[in-house]
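Q: I'd like to ask you about the structure that follows.
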Amino acid sequence: MSSEMETESLNDYNWDDIESIPIKEEASSALCRIMYSEEYKQQLGYLRALLTKQEYSARALLLTDSIIDAVPAHYTAWNYRYNIVKNIDRDLERELVWCQEVAYDKPKNYQIWHYRSLIIELVESRGGSVDISNETTISDDMLEEDSKNYHVWAYRKWLVRRYQLFRDNIEDLTTKKMIALDVRNNSAWSHRFFVMLGDFGETRPETASETVEQEIGFAKIMINQCPENPSAWSYLQGIYKLAKKDLLAEKEFCELYAVGAGKSDQRSVESRFSLPATELLARIYEVSQDNSKASSLYSILGSKYDPMRRNYWEMKRQRLDSANSATVS
Amino acid sequence: MDWKLNRFDTLVEMVSFPAPTDSTATTRLQLETETPIREYYETILEDGSQSMPELTIGEHVNFLKYFLLNELPAPYKAYDASHPWLMYWLTNGLELLKVDLSEYYKQISNTVISYGSAGMGGGMGQIPHVASTYAGLMTLAITGENWKDIDRRGTYDWLMSLKNADGSFKMHSDGETDARAVYCALCVARVLDIMTSELTENTVEWLSRCQTYEGGFGGTPDDEAHSGYTFCAVAALCILDSPKNLKSKCDLDRLVDWISARQLPVEGGFQGRTNKLVDGCYSHWTGGLVPLIEMCQPEYFDKIISREALENYILCCCQAQNGGLRDKPGKSPDFYHSNYVLCGLSMCENKYELRPDNLFSYNVTPLKEPTVVAIDPIFGVPNGKVEKFRSFCAAQKW
Ligand SMILES: [Zn+2]
């Protein structure tokens with residue numbers, strides 16, 4: 001329950017005029033009935049009655065707060081709340097504060113983020129504005145709890161898109177910081193890809209190519225830290241594909257970390273086994289028509305390093321014979 | 001018993017895969033999950049191939065049937081906006097286990113229809129929701145009852161009211177938009193035979209935009225690749241057009257690489273995102289992508305993942321002692337995981353091929369003596385059910 005609402009209780013309101021519509025399934029032969037508490041049952045009865053009347057009021061608003069507190073996934077209550085807020089003279093800033101408290105209280109609740117975006121749209125449609133840095137702070141706090149929370153990251157992307165925060169300093173630093181904390185945080189990589197390159201093709205060509213070079217460098221530094229990390233390798237490959245650059249440029253870099261490639265034999269191969277490096281190197285060999293090298297990499301992956309997926313590597317090896325004109329991407 | 005030996009040999013390879021050596025937070029969590037699983041696999045290996053666990057059908061049936069037929073305890077309040085899902089998970093799970101539920105079909109169907117007839121809500125008195133409607137209609141496809149009570153015109157108008165100009169769908173009025181909503185909306189439209197060009201305009205394009213640089217699909221364009229959304233997006237593409245034509249709608253090679261890389265080498269089960277932990281439900285969300293790809297490109301059959309390794313994870317790690325299936329060892333079983341782990345097992349046991357005469361029928365060949373019923377790889381119910389419901393609808397006016 002949010003602090004604002006704690007001072008208020010449903011009993012502060014008069015409900016005598018409401019004929020509760022109880023969930024009548026007890027009487028019927030319905031399956032999957034849930035043993036509701038009396039309190040919750042009463043709230044549901046009121047909810048249905050108020051929904052039928054389409055009542056938009058302070059007591060209805062408070063009722064949605066109680067139901068959302070009991071069942072965060074109750075999308076009908078969320079939807080009703082949104083309609084109430086739109087229709088009564090609700091202070092939208094207070095509504096955003098309420099949202100924030102619900103979010104901190106129940107971090108796994110994902111309805112909250114969509115709801116929050118609806119309220120922000122409402123604020124702006126009424127000529128108001130929101131403090132974006134506050135939105136950033138809230139999502140930062142949530143990510144500190146759970147650094148891979150899908151819904152929080154999706155909300156963050158919504159902010160970037162809406163407020164055109166591409167290559168924004170804060171987004172840059174946040175993703176860098178989170179990747180530094182855990183270089184395998186794929187959500188942070190995914191967000192960075194969007195922040196840095198999400199408007200690729202819409203920016204000036206100089207900006208685009210500068211960003212591409214910078215991010216290739218960033219990915220490689222992070223690969224050096226943890227060559228086994230698929231997130232960073234995908235990022236690197238993703239940039240090459242987006243910018244339509246030739247991956248051949250990374251052949252030597254891959255050779256540093258790939259098993260079975262000449263140079264990596266000098267390293268302690270067993271401890272630096274990098275599957276993504278090996279896979280990418282094989283593809284580079286493939287495209288540069290170096291089929292025998294590609295073939296031996298696929299063989300060693302299937303026979304030694306990744307036997308569970310031997311059929312997969314074998315399929316790739318056999319494909320070399322049939323098609324050797326595919327493009328690296 | 002040949003397959004038992006295969007699974008045993010696969011398990012030998014799984015336990016000998018080296019552990020990651022870096023010390024990130026991700027890797028610490030990974031080791032906390034992976035190490036006990038590896039140790040458990042080692043004890044199984046010591047006992048020899050004849051002791052490989054099998055599906056404890058009776059226990060799972062008891063678990064699911066108990067909850068289908070009894071009132072749910074108070075903590076299930078958390079599912080109060082997911083009643084049709086409860087019905088679908090329990091009914092479908094039991095059907096997959098070959099239980100004859102026909103004596104309950106009427107009761108199940110009456111319950112489901114009480115959630116709405118032109119779009120179903122998450123429970124009585126709740127506003128219609130696309131995912132609830134998917135779950136409710138799939139349940140009715142199983143039972144074969146109350147089909148004529150569905151208001152197809154009303155459902156169509158409601159779906160159209162949720163359509164966004166970019167081709168995607170909202171979950172409900174003012175609700176969120178994502179690939180799950182698109183998948184569920186298309187399943188509903190297909191099974192009710194109300195798919196019009198107006199309903200599907202721009203939808204392929206929107207789904208294609210959800211494919212990320214990693215190869216999987218996100219919930220909306222530019223979100224992180226996630227198996228739940230990838231399954232929804234790819235299955236949706238297979239509803240909009242034959243799986244045969246999947247290649248023209250996405251980067252299939254990157255998608256296949258991404259799916260393949262989700263199988264964890266020690267556990268044998270799947271993760272849902274890069275650098276995340278194994279979870280039994282991804283046996284369906286990731287594993288369920290495999291038959292779709294195999295139908296699209298038959299030469300991929302049994303190449304993308306190891307069915308034996310996934311079966312090892314399902315049978316050794318996902319079965320709770322007293323029945324029900326779960327995310328991973330140490331977690332409690334639930335209906336959701338019970339259903340989707342069984343769906344994943346069904347995928348392991350069968351080979352799917354497109355039938356040239358009908359885009360939405362598949363030839364299913366068991367790869368061995370099946371322990372569960374073959375599922376429809378696109379709709380997630382026993383194979384053949386959706387087509388029956390659809391042809392019933394196609395014969396009606398709307
Ligand atoms: Zn799960």
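Identifiers for the structure tokens are assigned positionally: chains receive A, B, ... in sequence, residues are indexed from 1 per chain, and ligands are indexed from 1 in the order shown.
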Select residues of chain B: the criterion is any atom within 6 Å of an atom of chain A, counting only C-alpha atoms; output as a list in words.

A: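 In the required form, that comes to Thr24, Ala25, Glu71, Leu72, Pro73, Ala74, Ala78, Ala81, Thr111, Gln126, Ile127, Tyr213, Glu214, Glu224, Lys303 and Ile304 of chain B.
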
Q: Please identify every polymer residue within 7 Å of ligand 1, using only C-alpha atoms and all ligand atoms, and present the set as an MDAnalysis selection string.

A: chainID B and resid 279:282 327 337

Q: What would the file look like if the residues just selected were written as a PDB file, in the first residue's frame with C-alpha atoms?

A:
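What landed in result09.pdb:
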ATOM      1  CA  ASP B 279      14.582 -22.920 -16.843  1.00  0.00           C
ATOM      2  CA  GLY B 280      12.243 -25.822 -17.642  1.00  0.00           C
ATOM      3  CA  CYS B 281       9.610 -23.630 -19.297  1.00  0.00           C
ATOM      4  CA  TYR B 282      12.082 -22.704 -22.030  1.00  0.00           C
ATOM      5  CA  ASP B 327      11.750 -24.538 -13.477  1.00  0.00           C
ATOM      6  CA  HIS B 337       5.925 -25.161 -15.753  1.00  0.00           C
TER       7      HIS B 337
END

Q: Please extract the residues of range 175-258 of chain A with a backbone DSSP assignment of alpha helix (DSSP H) and present them as a VMD selection string.

A: chain A and resid 175 to 181 186 to 197 205 to 225 230 to 242 251 to 257

Q: Do you know which residues are at most 8 Å from range 318-321 of chain B counting only C-alpha atoms, after dropping those on the same chain fewer than 3 positions away, and could you put them as a ChimeraX atom specification?

A: /B:55-56,280,313-315,324-329,332-333,341

Q: Contacts of Lys108 in chain A at 10 Å or less, counting only C-alpha atoms, minus same-chain residues fewer than 2 places along, as a PyMOL selection string?

A: chain A and resi 72+103-106+110-112+142+146+149-152

Q: Keeping all heavy atoms for every residue in the selection just given, could you write it to a file as a compact mmCIF listing (two decimals), in the first residue's frame?

A:
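File produced: again_18.txt:
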# COMPACT_ATOMS: atom_id res chain seq x y z
N PRO A 72 -1.22 -7.70 -8.00
CA PRO A 72 -0.57 -6.75 -8.91
C PRO A 72 -0.86 -7.00 -10.39
O PRO A 72 -0.79 -6.09 -11.20
CB PRO A 72 0.92 -6.95 -8.62
CG PRO A 72 0.98 -7.53 -7.25
CD PRO A 72 -0.27 -8.35 -7.09
N ALA A 103 5.98 0.57 -7.56
CA ALA A 103 7.12 -0.08 -8.22
C ALA A 103 8.16 -0.53 -7.20
O ALA A 103 8.65 -1.66 -7.24
CB ALA A 103 7.75 0.87 -9.23
N TYR A 104 8.50 0.37 -6.25
CA TYR A 104 9.51 0.02 -5.25
C TYR A 104 9.02 -1.11 -4.35
O TYR A 104 9.78 -1.95 -3.90
CB TYR A 104 9.89 1.24 -4.41
CG TYR A 104 10.78 2.22 -5.14
CD1 TYR A 104 10.52 3.59 -5.14
CD2 TYR A 104 11.90 1.77 -5.84
CE1 TYR A 104 11.33 4.48 -5.82
CE2 TYR A 104 12.72 2.65 -6.52
CZ TYR A 104 12.43 4.01 -6.52
OH TYR A 104 13.23 4.88 -7.19
N ASP A 105 7.71 -1.10 -4.12
CA ASP A 105 7.12 -2.09 -3.23
C ASP A 105 7.09 -3.48 -3.87
O ASP A 105 7.33 -4.50 -3.22
CB ASP A 105 5.70 -1.62 -2.89
CG ASP A 105 5.14 -2.39 -1.71
OD1 ASP A 105 5.93 -2.72 -0.81
OD2 ASP A 105 3.93 -2.65 -1.69
N LYS A 106 6.79 -3.53 -5.17
CA LYS A 106 6.65 -4.81 -5.87
C LYS A 106 7.45 -4.78 -7.17
O LYS A 106 6.89 -4.58 -8.25
CB LYS A 106 5.17 -5.07 -6.19
CG LYS A 106 4.27 -5.20 -4.96
CD LYS A 106 3.34 -6.40 -5.10
CE LYS A 106 2.74 -6.83 -3.78
NZ LYS A 106 1.77 -5.88 -3.21
N TYR A 110 4.96 -6.02 -13.49
CA TYR A 110 5.32 -5.41 -14.76
C TYR A 110 4.24 -4.52 -15.35
O TYR A 110 4.49 -3.75 -16.25
CB TYR A 110 5.78 -6.47 -15.75
CG TYR A 110 4.70 -7.38 -16.27
CD1 TYR A 110 3.99 -7.02 -17.41
CD2 TYR A 110 4.41 -8.57 -15.66
CE1 TYR A 110 2.99 -7.84 -17.90
CE2 TYR A 110 3.42 -9.40 -16.13
CZ TYR A 110 2.71 -9.03 -17.25
OH TYR A 110 1.73 -9.84 -17.72
N GLN A 111 3.02 -4.61 -14.80
CA GLN A 111 1.97 -3.72 -15.28
C GLN A 111 2.36 -2.25 -15.06
O GLN A 111 1.98 -1.38 -15.83
CB GLN A 111 0.67 -3.99 -14.48
CG GLN A 111 0.13 -5.38 -14.62
CD GLN A 111 -0.75 -5.57 -15.83
OE1 GLN A 111 -1.17 -4.60 -16.46
NE2 GLN A 111 -1.03 -6.80 -16.17
N ILE A 112 3.12 -2.05 -13.97
CA ILE A 112 3.43 -0.68 -13.55
C ILE A 112 4.11 0.14 -14.64
O ILE A 112 3.86 1.33 -14.78
CB ILE A 112 4.30 -0.73 -12.26
CG1 ILE A 112 4.47 0.65 -11.65
CG2 ILE A 112 5.66 -1.32 -12.52
CD1 ILE A 112 3.33 1.03 -10.82
N MET A 142 15.59 0.42 -9.86
CA MET A 142 15.01 -0.90 -10.09
C MET A 142 16.05 -1.86 -10.64
O MET A 142 16.07 -3.04 -10.32
CB MET A 142 13.83 -0.82 -11.06
CG MET A 142 12.70 0.08 -10.65
SD MET A 142 11.99 -0.31 -9.04
CE MET A 142 11.23 -1.87 -9.39
N ASP A 146 17.57 -5.68 -9.69
CA ASP A 146 17.54 -6.80 -10.63
C ASP A 146 18.08 -6.27 -11.96
O ASP A 146 17.35 -5.65 -12.72
CB ASP A 146 16.10 -7.31 -10.77
CG ASP A 146 15.97 -8.38 -11.84
OD1 ASP A 146 17.00 -8.78 -12.42
OD2 ASP A 146 14.83 -8.82 -12.12
N ASN A 149 16.13 -7.04 -15.31
CA ASN A 149 14.66 -6.93 -15.31
C ASN A 149 14.17 -6.46 -16.68
O ASN A 149 14.34 -5.31 -17.07
CB ASN A 149 14.22 -5.97 -14.20
CG ASN A 149 12.71 -5.91 -14.06
OD1 ASN A 149 11.97 -5.90 -15.04
ND2 ASN A 149 12.25 -5.89 -12.81
N TYR A 150 13.54 -7.38 -17.40
CA TYR A 150 13.18 -7.13 -18.80
C TYR A 150 12.25 -5.92 -18.95
O TYR A 150 12.41 -5.12 -19.86
CB TYR A 150 12.48 -8.38 -19.36
CG TYR A 150 12.48 -8.45 -20.86
CD1 TYR A 150 13.57 -8.97 -21.56
CD2 TYR A 150 11.40 -8.00 -21.61
CE1 TYR A 150 13.59 -9.03 -22.94
CE2 TYR A 150 11.40 -8.06 -22.99
CZ TYR A 150 12.49 -8.58 -23.65
OH TYR A 150 12.51 -8.63 -25.02
N HIS A 151 11.29 -5.81 -18.04
CA HIS A 151 10.29 -4.76 -18.17
C HIS A 151 10.86 -3.39 -17.87
O HIS A 151 10.47 -2.41 -18.49
CB HIS A 151 9.09 -5.07 -17.29
CG HIS A 151 8.44 -6.35 -17.69
ND1 HIS A 151 7.68 -6.46 -18.82
CD2 HIS A 151 8.50 -7.58 -17.15
CE1 HIS A 151 7.27 -7.71 -18.96
NE2 HIS A 151 7.75 -8.41 -17.95
N VAL A 152 11.81 -3.34 -16.93
CA VAL A 152 12.44 -2.05 -16.64
C VAL A 152 13.30 -1.62 -17.84
O VAL A 152 13.26 -0.45 -18.26
CB VAL A 152 13.30 -2.14 -15.36
CG1 VAL A 152 14.01 -0.82 -15.11
CG2 VAL A 152 12.41 -2.49 -14.17

Q: What is the distance between CA of Trp206 in chain B and CA of Gln271 in chain B, in Å to one decimal?

A: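 CA of Trp206 in chain B sits 25.1 Å away from CA of Gln271 in chain B.
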
Q: Check the smallest atom-to-atom distance from each of B:Asp222, B:Asp157, B:Asp334, B:Asp376 to Met347 in chain B using only C-alpha atoms, then report the winner.

A: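 Nearest candidate to Met347 in chain B out of B:Asp222, B:Asp157, B:Asp334, B:Asp376: B:Asp376.
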
Q: Name the residues in contact with Met196 in chain A at a cut-off of 12 Å, using only C-alpha atoms, excluding same-chain residues fewer than 3 positions from it; report them as a ChimeraX atom specification.

A: /A:157,160-161,164-173,175-176,188-193,199-201,203,207-216,218,235,239,242 /B:222

Q: Can you list, as a list in words, all residues belonging to range 74-320 of chain B that DSSP tags as strand (DSSP E or B)?

A: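 Assigned to strand (DSSP E or B), within range 74-320 of chain B: Lys163, Phe169, Lys170, Thr177, Gln211, Phe217, Gln263, Phe270, Gln271, Val278 and Gln319 of chain B.
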